[in-house]
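K.L.:
Enclosed is the structure file structure-v9.cif (mmCIF, C-alpha atoms and all ligand atoms).
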```cif
data_final
loop_
_atom_site.label_atom_id
_atom_site.label_comp_id
_atom_site.auth_asym_id
_atom_site.auth_seq_id
_atom_site.Cartn_x
_atom_site.Cartn_y
_atom_site.Cartn_z
CA MET A 1 -15.17 19.20 -7.72
CA SER A 2 -12.22 17.18 -6.48
CA SER A 3 -10.06 20.29 -6.59
CA SER A 4 -12.31 22.40 -4.30
CA PRO A 5 -10.51 23.62 -1.16
CA GLU A 6 -12.75 21.50 1.13
CA ARG A 7 -11.94 18.36 -0.81
CA ALA A 8 -8.23 19.14 -0.91
CA ALA A 9 -8.18 19.52 2.88
CA GLU A 10 -10.09 16.31 3.51
CA PRO A 11 -7.97 13.21 4.22
CA ALA A 12 -7.36 10.84 1.30
CA VAL A 13 -8.53 7.94 3.44
CA GLN A 14 -10.81 7.86 6.48
CA VAL A 15 -11.31 4.55 8.24
CA ARG A 16 -13.77 4.33 11.11
CA ASP A 17 -14.23 1.33 13.41
CA LEU A 18 -13.46 -1.13 10.61
CA ARG A 19 -14.19 -4.75 11.40
CA VAL A 20 -13.51 -7.59 8.98
CA VAL A 21 -14.24 -11.28 9.39
CA ARG A 22 -12.37 -13.85 7.28
CA GLY A 23 -12.77 -17.59 7.52
CA GLY A 24 -15.29 -17.13 10.36
CA ARG A 25 -12.79 -15.20 12.48
CA GLU A 26 -12.56 -11.45 13.09
CA VAL A 27 -9.19 -10.38 11.63
CA LEU A 28 -9.55 -6.57 11.86
CA HIS A 29 -10.87 -5.41 15.22
CA GLY A 30 -12.34 -1.93 14.82
CA LEU A 31 -9.57 0.11 13.13
CA THR A 32 -9.83 3.90 13.03
CA PHE A 33 -7.34 6.20 11.31
CA ASP A 34 -6.95 8.91 8.63
CA VAL A 35 -4.38 9.23 5.86
CA PRO A 36 -3.62 12.87 4.88
CA ARG A 37 -3.37 13.66 1.17
CA GLY A 38 0.09 13.81 -0.39
CA SER A 39 1.67 11.61 2.27
CA ILE A 40 3.28 8.17 2.42
CA ILE A 41 1.88 5.96 5.09
CA GLY A 42 3.61 2.71 5.97
CA LEU A 43 1.71 -0.34 7.16
CA LEU A 44 3.98 -2.51 9.24
CA GLY A 45 3.46 -5.59 11.27
CA PRO A 46 4.14 -9.30 11.44
CA SER A 47 2.86 -11.74 8.86
CA GLY A 48 -0.85 -12.37 9.30
CA CYS A 49 -1.56 -9.19 11.30
CA GLY A 50 -4.04 -7.95 8.67
CA LYS A 51 -2.11 -5.59 6.36
CA THR A 52 -3.37 -7.16 3.13
CA THR A 53 -6.92 -7.36 4.48
CA LEU A 54 -6.81 -3.66 5.34
CA MET A 55 -5.48 -2.79 1.87
CA ARG A 56 -8.23 -4.87 0.28
CA ALA A 57 -10.76 -2.86 2.30
CA LEU A 58 -9.19 0.41 1.08
CA VAL A 59 -9.57 -0.59 -2.56
CA GLY A 60 -13.07 -1.95 -1.96
CA VAL A 61 -12.59 -5.64 -2.70
CA GLN A 62 -12.98 -6.86 0.88
CA ILE A 63 -16.38 -7.57 2.43
CA VAL A 64 -16.45 -5.69 5.72
CA ARG A 65 -18.46 -6.69 8.78
CA SER A 66 -18.94 -3.11 10.03
CA GLY A 67 -17.45 0.36 10.03
CA THR A 68 -16.73 2.73 7.14
CA VAL A 69 -13.90 3.23 4.68
CA THR A 70 -13.97 6.53 2.79
CA VAL A 71 -11.49 7.06 -0.03
CA LEU A 72 -11.05 10.44 -1.75
CA GLY A 73 -14.45 11.45 -0.40
CA ASP A 74 -16.37 8.36 -1.61
CA ALA A 75 -17.14 4.94 -0.16
CA ALA A 76 -14.26 2.53 -0.90
CA GLY A 77 -14.93 0.51 -4.03
CA SER A 78 -17.31 3.09 -5.61
CA ALA A 79 -17.30 2.97 -9.40
CA GLY A 80 -16.05 6.58 -9.56
CA LEU A 81 -12.88 5.59 -7.70
CA ARG A 82 -11.82 2.87 -10.13
CA ARG A 83 -9.40 5.05 -12.07
CA ARG A 84 -8.39 7.23 -9.11
CA VAL A 85 -6.98 4.35 -7.05
CA GLY A 86 -4.05 2.12 -8.06
CA TYR A 87 -3.52 -1.24 -6.33
CA ALA A 88 -0.49 -3.49 -6.59
CA THR A 89 -1.24 -6.85 -4.99
CA GLN A 90 1.45 -8.95 -3.34
CA THR A 91 1.10 -11.61 -6.03
CA PRO A 92 1.77 -10.07 -9.44
CA ALA A 93 -1.30 -10.17 -11.67
CA VAL A 94 0.22 -10.08 -15.17
CA TYR A 95 -0.12 -12.19 -18.31
CA ALA A 96 2.83 -14.61 -18.49
CA ASP A 97 2.84 -14.88 -22.31
CA LEU A 98 2.79 -11.12 -22.91
CA THR A 99 5.86 -8.89 -22.76
CA VAL A 100 6.22 -6.16 -20.15
CA ALA A 101 5.20 -3.51 -22.70
CA GLU A 102 2.29 -5.61 -24.02
CA ASN A 103 0.99 -6.16 -20.48
CA LEU A 104 1.15 -2.43 -19.83
CA ARG A 105 -0.52 -1.53 -23.13
CA TYR A 106 -3.29 -3.99 -22.33
CA PHE A 107 -3.87 -2.64 -18.81
CA ALA A 108 -3.61 0.96 -20.06
CA SER A 109 -6.47 0.29 -22.48
CA VAL A 110 -8.56 -1.44 -19.79
CA LEU A 111 -7.99 1.50 -17.42
CA ARG A 112 -8.38 4.01 -20.25
CA ALA A 113 -5.01 5.51 -19.29
CA PRO A 114 -3.16 7.51 -21.96
CA ARG A 115 -0.99 5.30 -24.20
CA SER A 116 1.98 7.53 -23.41
CA ASP A 117 1.75 6.27 -19.82
CA VAL A 118 3.25 2.93 -20.88
CA ALA A 119 6.69 4.39 -21.61
CA ARG A 120 6.50 6.63 -18.54
CA VAL A 121 5.75 3.85 -16.04
CA ILE A 122 8.33 1.48 -17.60
CA ASP A 123 10.88 4.21 -17.06
CA GLU A 124 9.68 4.97 -13.51
CA VAL A 125 10.14 1.38 -12.34
CA GLY A 126 13.43 0.98 -14.25
CA LEU A 127 12.30 -1.80 -16.62
CA GLY A 128 13.47 -0.23 -19.90
CA ARG A 129 15.81 -3.09 -20.74
CA SER A 130 13.16 -5.76 -20.07
CA ARG A 131 10.28 -4.08 -21.88
CA ASP A 132 10.20 -6.69 -24.67
CA GLN A 133 10.72 -9.71 -22.44
CA THR A 134 7.71 -11.96 -21.76
CA ALA A 135 6.52 -11.89 -18.15
CA ALA A 136 7.17 -15.65 -17.85
CA THR A 137 10.92 -15.02 -18.24
CA LEU A 138 11.22 -12.16 -15.73
CA SER A 139 12.95 -12.48 -12.36
CA GLY A 140 10.81 -12.12 -9.22
CA GLY A 141 11.94 -8.52 -8.73
CA GLN A 142 11.24 -7.61 -12.37
CA LEU A 143 7.81 -9.19 -12.11
CA ASN A 144 7.09 -7.16 -8.96
CA ARG A 145 8.13 -3.99 -10.77
CA THR A 146 5.88 -4.82 -13.72
CA ASN A 147 3.04 -5.22 -11.24
CA LEU A 148 3.91 -1.87 -9.68
CA ALA A 149 4.07 -0.23 -13.12
CA ILE A 150 0.49 -1.35 -13.80
CA ALA A 151 -0.65 0.34 -10.58
CA LEU A 152 1.02 3.59 -11.73
CA LEU A 153 -0.92 3.75 -15.03
CA GLY A 154 -3.34 6.65 -15.22
CA THR A 155 -1.57 8.58 -12.43
CA PRO A 156 -3.91 7.51 -9.59
CA GLU A 157 -4.47 9.87 -6.67
CA LEU A 158 -4.22 7.01 -4.17
CA LEU A 159 -1.72 4.18 -4.54
CA VAL A 160 -2.12 1.09 -2.39
CA LEU A 161 1.03 -1.02 -2.66
CA ASP A 162 1.30 -4.39 -0.94
CA GLU A 163 4.99 -5.09 -0.23
CA PRO A 164 6.19 -3.49 -3.49
CA THR A 165 9.89 -3.90 -2.70
CA VAL A 166 9.95 -7.61 -1.82
CA GLY A 167 12.78 -9.41 -3.60
CA LEU A 168 14.55 -6.23 -4.71
CA ASP A 169 18.18 -5.42 -4.01
CA PRO A 170 18.98 -2.40 -1.81
CA VAL A 171 19.79 -0.12 -4.78
CA LEU A 172 16.46 -0.79 -6.48
CA ARG A 173 14.60 -0.47 -3.19
CA GLN A 174 16.18 2.92 -2.67
CA GLU A 175 15.24 3.98 -6.21
CA LEU A 176 11.64 2.91 -5.73
CA TRP A 177 11.36 4.76 -2.43
CA GLY A 178 12.72 7.81 -4.26
CA LEU A 179 9.92 7.36 -6.80
CA PHE A 180 7.30 7.01 -4.03
CA ARG A 181 8.52 10.29 -2.53
CA GLU A 182 8.35 12.03 -5.93
CA LEU A 183 4.79 10.80 -6.43
CA ALA A 184 3.79 12.07 -2.97
CA ASP A 185 5.46 15.43 -3.68
CA ARG A 186 3.29 15.65 -6.82
CA GLY A 187 0.21 15.18 -4.61
CA ALA A 188 -0.43 11.42 -4.67
CA THR A 189 -1.15 9.56 -1.44
CA LEU A 190 0.59 6.23 -0.91
CA VAL A 191 -0.24 3.39 1.45
CA VAL A 192 2.70 0.98 1.40
CA SER A 193 3.06 -2.22 3.39
CA SER A 194 6.41 -3.65 4.31
CA HIS A 195 8.09 -6.14 6.58
CA VAL A 196 11.33 -4.20 6.44
CA MET A 197 11.86 -1.76 9.27
CA ASP A 198 14.53 0.31 7.51
CA GLU A 199 11.89 1.20 4.90
CA ALA A 200 9.56 2.37 7.64
CA GLY A 201 11.84 5.32 8.29
CA ARG A 202 11.14 6.64 4.79
CA THR A 203 7.42 7.09 5.41
CA ASP A 204 5.65 10.20 6.72
CA ARG A 205 3.58 8.13 9.08
CA LEU A 206 3.51 4.59 10.29
CA LEU A 207 0.67 2.36 11.30
CA LEU A 208 2.15 -0.44 13.34
CA MET A 209 -0.25 -3.37 13.34
CA ARG A 210 -0.44 -6.50 15.39
CA GLU A 211 -3.13 -9.18 15.44
CA GLY A 212 -5.70 -7.08 13.61
CA ALA A 213 -5.28 -3.97 15.72
CA ILE A 214 -3.28 -0.74 15.46
CA LEU A 215 -0.50 -0.78 18.00
CA ALA A 216 0.74 2.71 17.15
CA ASP A 217 0.04 5.48 14.65
CA GLY A 218 2.62 8.24 14.32
CA THR A 219 5.67 9.61 12.56
CA PRO A 220 8.84 7.47 12.60
CA ASP A 221 10.53 10.12 14.79
CA GLY A 222 7.53 10.32 17.10
CA LEU A 223 7.52 6.55 17.57
CA ARG A 224 11.24 6.50 18.27
CA SER A 225 11.03 9.27 20.83
CA ARG A 226 7.86 7.92 22.45
CA THR A 227 9.57 4.58 23.07
CA GLY A 228 13.08 5.91 23.65
CA ALA A 229 14.27 3.45 21.00
CA SER A 230 17.17 4.16 18.66
CA ASP A 231 15.62 2.33 15.72
CA LEU A 232 12.12 1.39 14.60
CA GLU A 233 12.60 -2.33 15.10
CA GLU A 234 13.37 -1.68 18.76
CA ALA A 235 10.45 0.79 18.98
CA PHE A 236 8.10 -1.85 17.62
CA LEU A 237 9.30 -4.45 20.13
CA HIS A 238 8.99 -1.90 22.92
CA LEU A 239 5.38 -1.18 21.95
CA ILE A 240 4.54 -4.89 21.87
CA THR A 241 5.93 -5.36 25.36
CA GLU A 242 4.14 -2.24 26.59
CA THR A 243 0.81 -3.46 25.15
CA ALA A 244 1.27 -6.96 26.54
CA GLY A 245 2.00 -5.39 29.97
CA SER A 246 -1.14 -3.24 29.85
CA THR A 247 -3.42 -6.18 29.00
CA THR A 248 -2.22 -8.58 31.71
N1 LIG A 301 -9.11 -16.04 2.36
C1 LIG A 301 -8.98 -16.12 3.69
N2 LIG A 301 -9.77 -16.91 4.43
C2 LIG A 301 -9.64 -17.00 5.76
N3 LIG A 301 -8.72 -16.30 6.47
C3 LIG A 301 -7.91 -15.51 5.79
C4 LIG A 301 -7.98 -15.36 4.37
N4 LIG A 301 -7.04 -14.50 3.99
C5 LIG A 301 -6.39 -14.10 5.10
N5 LIG A 301 -6.92 -14.71 6.19
C6 LIG A 301 -6.50 -14.52 7.59
O1 LIG A 301 -6.65 -13.14 7.90
C7 LIG A 301 -5.58 -12.72 8.76
C8 LIG A 301 -4.93 -11.49 8.13
O2 LIG A 301 -4.29 -11.88 6.90
P1 LIG A 301 -3.54 -10.82 5.97
O3 LIG A 301 -3.22 -11.51 4.69
O4 LIG A 301 -4.37 -9.59 5.91
O5 LIG A 301 -2.21 -10.55 6.80
P2 LIG A 301 -0.88 -9.77 6.36
O6 LIG A 301 -0.51 -8.90 7.52
O7 LIG A 301 -1.08 -9.10 5.07
O8 LIG A 301 0.16 -10.96 6.22
P3 LIG A 301 1.49 -11.04 5.27
O9 LIG A 301 2.43 -9.99 5.79
O10 LIG A 301 1.99 -12.44 5.54
O11 LIG A 301 1.05 -10.82 3.87
C9 LIG A 301 -4.64 -13.88 8.92
O12 LIG A 301 -4.93 -14.50 10.14
C10 LIG A 301 -5.01 -14.81 7.77
O13 LIG A 301 -4.78 -16.15 8.10
#
```
Show the structure stored in the file as structure tokens.
Ligand SMILES: Nc1ncnc2c1ncn2[C@@H]1O[C@H](COP(=O)(O)OP(=O)(O)OP(=O)(O)O)[C@@H](O)[C@H]1O
P.N.:
Amino acid sequence: MSSSPERAAEPAVQVRDLRVVRGGREVLHGLTFDVPRGSIIGLLGPSGCGKTTLMRALVGVQIVRSGTVTVLGDAAGSAGLRRRVGYATQTPAVYADLTVAENLRYFASVLRAPRSDVARVIDEVGLGRSRDQTAATLSGGQLNRTNLAIALLGTPELLVLDEPTVGLDPVLRQELWGLFRELADRGATLVVSSHVMDEAGRTDRLLLMREGAILADGTPDGLRSRTGASDLEEAFLHLITETAGSTT
């Protein structure tokens, strides 16, 4: 059914008037947007603006106050989506006393992903030389890549990646963005958060967030030309000033 033409044309993610309250305070204020299938969407914004909360809502682990989140045609968090959505949290969730390969074998069996996926994902994130190292002895960047590799098991249709390139050197970051593009070209949809503006230019579309709201939603080129800015950092600052001006 998921391959019917109607389903293929439907966005991978549809968010409508999403409101989330955390710690007694509304932290997402009625977000509405779509994510087309086979695209990379970047979530950008300052620390605390709500990126992680939004990602948690997409994977269905966040209690929402109101609004709807539809993922691959079903309500976010539905049991049927479990193996179709991959999520890499900002804090790696791996077993410290298991090796990289053992962690992946364990998660592959939990997710009922093919065993052959273990070698594939180790290769995709470039961890071949660390495969037999225990997670406790990995560097921060290697740990992040192990976490990312777990999200890639089972070839999910939607990948939600919370700051997957934090702590990586520019070469590795470039390689991972190359991988993200390959995955999107093969039909996967990726939602990737980042603090780094130069990464934003590698996405198909950007959601710029601030204080729980969407400041702008468009292509990197569109945002640059709309603001007349030469780079995305400047475009972002321009949009903040523009919004502040319109609310005073
Ligand atoms: N468990 C919690 N209880 C109460 N408030 C929370 C909780 N988690 C997050 N918040 C608040 O929700 C808001 C959004 O946080 P969130 O983690 O989604 O931001 P973020 O954009 O992902 O930040 P960062 O880039 O630093 O990871 C912040 O004001 C934060 O303080």
K.L.:
Mind working out the centre and edge lengths of an axis-aligned box for stretch 135-145 of chain A, all listed atoms inside, 4 Å added to each side, rounded to one decimal in Å and written as AutoDock Vina command-line options?
P.N.:
```
--center_x 9.7 --center_y -9.8 --center_z -13.5 --size_x 14.4 --size_y 19.7 --size_z 17.5
```
K.L.:
Residues within 6 Å of ligand LIG 301 (chain A), counting all atoms listed in the file: report them as a PyMOL selection string.
P.N.:
chain A and resi 22-23+27+46-53
K.L.:
If we count all atoms listed in the file, what is near A:Trp177 at a cut-off of 12 Å, once residues fewer than 2 positions away on the same chain are taken out, given as a PDB file with C-alpha atoms, in the frame of the given file?
P.N.:
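Everything below was put into around_6.pdb:
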```
ATOM      1  CA  ILE A  40       3.280   8.170   2.420  1.00  0.00           C
ATOM      2  CA  GLY A  42       3.610   2.710   5.970  1.00  0.00           C
ATOM      3  CA  GLU A 124       9.680   4.970 -13.510  1.00  0.00           C
ATOM      4  CA  VAL A 125      10.140   1.380 -12.340  1.00  0.00           C
ATOM      5  CA  LEU A 161       1.030  -1.020  -2.660  1.00  0.00           C
ATOM      6  CA  GLU A 163       4.990  -5.090  -0.230  1.00  0.00           C
ATOM      7  CA  PRO A 164       6.190  -3.490  -3.490  1.00  0.00           C
ATOM      8  CA  THR A 165       9.890  -3.900  -2.700  1.00  0.00           C
ATOM      9  CA  LEU A 168      14.550  -6.230  -4.710  1.00  0.00           C
ATOM     10  CA  PRO A 170      18.980  -2.400  -1.810  1.00  0.00           C
ATOM     11  CA  VAL A 171      19.790  -0.120  -4.780  1.00  0.00           C
ATOM     12  CA  LEU A 172      16.460  -0.790  -6.480  1.00  0.00           C
ATOM     13  CA  ARG A 173      14.600  -0.470  -3.190  1.00  0.00           C
ATOM     14  CA  GLN A 174      16.180   2.920  -2.670  1.00  0.00           C
ATOM     15  CA  GLU A 175      15.240   3.980  -6.210  1.00  0.00           C
ATOM     16  CA  LEU A 179       9.920   7.360  -6.800  1.00  0.00           C
ATOM     17  CA  PHE A 180       7.300   7.010  -4.030  1.00  0.00           C
ATOM     18  CA  ARG A 181       8.520  10.290  -2.530  1.00  0.00           C
ATOM     19  CA  GLU A 182       8.350  12.030  -5.930  1.00  0.00           C
ATOM     20  CA  LEU A 183       4.790  10.800  -6.430  1.00  0.00           C
ATOM     21  CA  ALA A 184       3.790  12.070  -2.970  1.00  0.00           C
ATOM     22  CA  LEU A 190       0.590   6.230  -0.910  1.00  0.00           C
ATOM     23  CA  VAL A 192       2.700   0.980   1.400  1.00  0.00           C
ATOM     24  CA  SER A 194       6.410  -3.650   4.310  1.00  0.00           C
ATOM     25  CA  ASP A 198      14.530   0.310   7.510  1.00  0.00           C
ATOM     26  CA  GLU A 199      11.890   1.200   4.900  1.00  0.00           C
ATOM     27  CA  ALA A 200       9.560   2.370   7.640  1.00  0.00           C
ATOM     28  CA  GLY A 201      11.840   5.320   8.290  1.00  0.00           C
ATOM     29  CA  ARG A 202      11.140   6.640   4.790  1.00  0.00           C
ATOM     30  CA  THR A 203       7.420   7.090   5.410  1.00  0.00           C
TER      31      THR A 203
END
```
K.L.:
Enter the distance from atom CA of A:Ala151 to atom CA of A:Val15, in Å, rounded to one decimal.
P.N.:
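Atom CA of A:Val15 lies 22.0 Å from atom CA of A:Ala151.
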K.L.:
Any idea what the distance is between atom CA of A:Val166 and atom CA of A:Arg186?
P.N.:
24.7 Å
K.L.:
Considering all atoms listed in the file, state which residue in the set A:Pro92, A:Gly178, A:Pro114, A:Gly187 is at the smallest distance from A:Gln142.
P.N.:
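Residue with the minimum atom-to-atom distance to A:Gln142: A:Pro92.
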K.L.:
Which residues are close to A:Leu223, i.e. within 12 Å by only C-alpha atoms, leaving aside same-chain residues fewer than 6 positions away? Reply as an MDAnalysis selection string.
P.N.:
chainID A and resid 200:201 204:208 215:217 229:239
K.L.:
I want to know what sits within 8 Å of A:Val59, based on only C-alpha atoms, with residues of the same chain fewer than 6 positions away left out; could you give that as a list of chain:residue names?
P.N.:
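What passes the distance filter is A:Ala76, A:Gly77, A:Val85, A:Tyr87, A:Val160.
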K.L.:
Could you write those residues out with C-alpha atoms, as a JSON list (two decimals), in the frame of the given file?
P.N.:
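What ended up in again-v6.json:
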```
[["chain", "number", "residue", "atom", "x", "y", "z"],
["A", 76, "ALA", "CA", -14.26, 2.53, -0.90],
["A", 77, "GLY", "CA", -14.93, 0.51, -4.03],
["A", 85, "VAL", "CA", -6.98, 4.35, -7.05],
["A", 87, "TYR", "CA", -3.52, -1.24, -6.33],
["A", 160, "VAL", "CA", -2.12, 1.09, -2.39]]
```
K.L.:
Would you please work out which residue, of A:Gly222, A:Ala88, A:Val100, A:Arg25, is nearest to A:Arg129 when using only C-alpha atoms?
P.N.:
A:Val100
K.L.:
What does the distance between atom CA of A:Ser116 and atom CA of A:Ala149 come to in Å, to one decimal place?
P.N.:
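One can read the atom CA of A:Ser116 to atom CA of A:Ala149 distance as 13.1 Å.
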K.L.:
Could you tell me, as an NGL selection string, which residues have any atom at most 12 Å from (1.7, -6.1, -22.8), counting all atoms listed in the file?
P.N.:
:A and (94-110 or 115 or 118-119 or 122 or 130-135 or 146-147 or 149-150)
K.L.:
Write a file of the just-selected residues containing C-alpha atoms, as a PDB file, in the frame of the given file.
P.N.:
```
ATOM      1  CA  VAL A  94       0.220 -10.080 -15.170  1.00  0.00           C
ATOM      2  CA  TYR A  95      -0.120 -12.190 -18.310  1.00  0.00           C
ATOM      3  CA  ALA A  96       2.830 -14.610 -18.490  1.00  0.00           C
ATOM      4  CA  ASP A  97       2.840 -14.880 -22.310  1.00  0.00           C
ATOM      5  CA  LEU A  98       2.790 -11.120 -22.910  1.00  0.00           C
ATOM      6  CA  THR A  99       5.860  -8.890 -22.760  1.00  0.00           C
ATOM      7  CA  VAL A 100       6.220  -6.160 -20.150  1.00  0.00           C
ATOM      8  CA  ALA A 101       5.200  -3.510 -22.700  1.00  0.00           C
ATOM      9  CA  GLU A 102       2.290  -5.610 -24.020  1.00  0.00           C
ATOM     10  CA  ASN A 103       0.990  -6.160 -20.480  1.00  0.00           C
ATOM     11  CA  LEU A 104       1.150  -2.430 -19.830  1.00  0.00           C
ATOM     12  CA  ARG A 105      -0.520  -1.530 -23.130  1.00  0.00           C
ATOM     13  CA  TYR A 106      -3.290  -3.990 -22.330  1.00  0.00           C
ATOM     14  CA  PHE A 107      -3.870  -2.640 -18.810  1.00  0.00           C
ATOM     15  CA  ALA A 108      -3.610   0.960 -20.060  1.00  0.00           C
ATOM     16  CA  SER A 109      -6.470   0.290 -22.480  1.00  0.00           C
ATOM     17  CA  VAL A 110      -8.560  -1.440 -19.790  1.00  0.00           C
ATOM     18  CA  ARG A 115      -0.990   5.300 -24.200  1.00  0.00           C
ATOM     19  CA  VAL A 118       3.250   2.930 -20.880  1.00  0.00           C
ATOM     20  CA  ALA A 119       6.690   4.390 -21.610  1.00  0.00           C
ATOM     21  CA  ILE A 122       8.330   1.480 -17.600  1.00  0.00           C
ATOM     22  CA  SER A 130      13.160  -5.760 -20.070  1.00  0.00           C
ATOM     23  CA  ARG A 131      10.280  -4.080 -21.880  1.00  0.00           C
ATOM     24  CA  ASP A 132      10.200  -6.690 -24.670  1.00  0.00           C
ATOM     25  CA  GLN A 133      10.720  -9.710 -22.440  1.00  0.00           C
ATOM     26  CA  THR A 134       7.710 -11.960 -21.760  1.00  0.00           C
ATOM     27  CA  ALA A 135       6.520 -11.890 -18.150  1.00  0.00           C
ATOM     28  CA  THR A 146       5.880  -4.820 -13.720  1.00  0.00           C
ATOM     29  CA  ASN A 147       3.040  -5.220 -11.240  1.00  0.00           C
ATOM     30  CA  ALA A 149       4.070  -0.230 -13.120  1.00  0.00           C
ATOM     31  CA  ILE A 150       0.490  -1.350 -13.800  1.00  0.00           C
TER      32      ILE A 150
END
```
K.L.:
I want to know what sits within 6 Å of A:Val35, based on only C-alpha atoms, with residues of the same chain fewer than 2 positions away left out; could you give that as a ChimeraX atom specification?
P.N.:
/A:11-13
K.L.:
Taking C-alpha atoms for each residue, export the selection above as a PDB file, in the frame of the given file.
P.N.:
```pdb
ATOM      1  CA  PRO A  11      -7.970  13.210   4.220  1.00  0.00           C
ATOM      2  CA  ALA A  12      -7.360  10.840   1.300  1.00  0.00           C
ATOM      3  CA  VAL A  13      -8.530   7.940   3.440  1.00  0.00           C
TER       4      VAL A  13
END
```
K.L.:
With all atoms listed in the file as the atoms that count, which of A:Thr89, A:Leu158, A:Arg112, A:Glu26 lies nearest to A:Gly73?
P.N.:
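Result for the nearest residue to A:Gly73: A:Leu158.
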K.L.:
Looking at A:Ser39, A:Thr68, A:Thr227, A:Ser78, which one is nearest to A:Thr189, with distances taken over all atoms listed in the file?
P.N.:
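Result for the nearest residue to A:Thr189: A:Ser39.
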K.L.:
Which residue, A:Val20, A:Ala9, A:Val196, A:Ala93, has the smallest gap to A:Ile63 when you use all atoms listed in the file?
P.N.:
A:Val20
K.L.:
Neighbourhood query: residues within 10 Å of (-13.5, -0.6, 13.3), file coordinates, counting only C-alpha atoms; return as a list in words.
P.N.:
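Here the neighbourhood of the point contains Val15, Arg16, Asp17, Leu18, Arg19, Val20, Leu28, His29, Gly30, Leu31, Thr32, Phe33, Val64, Arg65, Ser66, Gly67, Thr68, Val69 and Ala213 of chain A.
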K.L.:
Go through A:Met209, A:Ala113, A:Ala57, A:Ala188 and flag the residue nearest A:Arg83, using all atoms listed in the file for the distances.
P.N.:
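Under the stated criterion, the closest residue is A:Ala113.
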K.L.:
Can you spit out stretch 58-91 of chain A with C-alpha atoms, as a PDB file, in the first residue's frame, from the structure just given?
P.N.:
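The result, stored in decode.pdb:
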```pdb
ATOM      1  CA  LEU A  58       7.912  13.554  14.829  1.00  0.00           C
ATOM      2  CA  VAL A  59       9.019  10.214  16.251  1.00  0.00           C
ATOM      3  CA  GLY A  60       6.042  10.099  18.614  1.00  0.00           C
ATOM      4  CA  VAL A  61       7.761  10.239  22.003  1.00  0.00           C
ATOM      5  CA  GLN A  62       6.609  13.748  22.923  1.00  0.00           C
ATOM      6  CA  ILE A  63       3.239  14.424  24.554  1.00  0.00           C
ATOM      7  CA  VAL A  64       1.592  17.139  22.494  1.00  0.00           C
ATOM      8  CA  ARG A  65      -0.919  19.666  23.790  1.00  0.00           C
ATOM      9  CA  SER A  66      -2.767  20.021  20.461  1.00  0.00           C
ATOM     10  CA  GLY A  67      -2.397  19.760  16.710  1.00  0.00           C
ATOM     11  CA  THR A  68      -1.501  16.773  14.533  1.00  0.00           C
ATOM     12  CA  VAL A  69       1.708  15.125  13.379  1.00  0.00           C
ATOM     13  CA  THR A  70       1.313  12.689  10.485  1.00  0.00           C
ATOM     14  CA  VAL A  71       4.308  10.597   9.448  1.00  0.00           C
ATOM     15  CA  LEU A  72       4.302   8.446   6.299  1.00  0.00           C
ATOM     16  CA  GLY A  73       0.503   8.601   6.333  1.00  0.00           C
ATOM     17  CA  ASP A  74       0.027   7.526   9.982  1.00  0.00           C
ATOM     18  CA  ALA A  75      -0.164   9.350  13.303  1.00  0.00           C
ATOM     19  CA  ALA A  76       3.363   9.903  14.692  1.00  0.00           C
ATOM     20  CA  GLY A  77       4.326   7.159  17.119  1.00  0.00           C
ATOM     21  CA  SER A  78       1.946   4.523  15.634  1.00  0.00           C
ATOM     22  CA  ALA A  79       3.194   0.980  16.113  1.00  0.00           C
ATOM     23  CA  GLY A  80       3.354   0.472  12.333  1.00  0.00           C
ATOM     24  CA  LEU A  81       5.912   3.275  12.041  1.00  0.00           C
ATOM     25  CA  ARG A  82       8.412   1.798  14.479  1.00  0.00           C
ATOM     26  CA  ARG A  83      10.602   0.208  11.828  1.00  0.00           C
ATOM     27  CA  ARG A  84       9.958   2.851   9.164  1.00  0.00           C
ATOM     28  CA  VAL A  85      11.393   5.738  11.197  1.00  0.00           C
ATOM     29  CA  GLY A  86      14.993   6.009  12.436  1.00  0.00           C
ATOM     30  CA  TYR A  87      15.875   8.436  15.240  1.00  0.00           C
ATOM     31  CA  ALA A  88      19.334   9.449  16.393  1.00  0.00           C
ATOM     32  CA  THR A  89      19.094  11.402  19.636  1.00  0.00           C
ATOM     33  CA  GLN A  90      21.596  14.099  20.559  1.00  0.00           C
ATOM     34  CA  THR A  91      22.892  11.983  23.443  1.00  0.00           C
TER      35      THR A  91
END
```
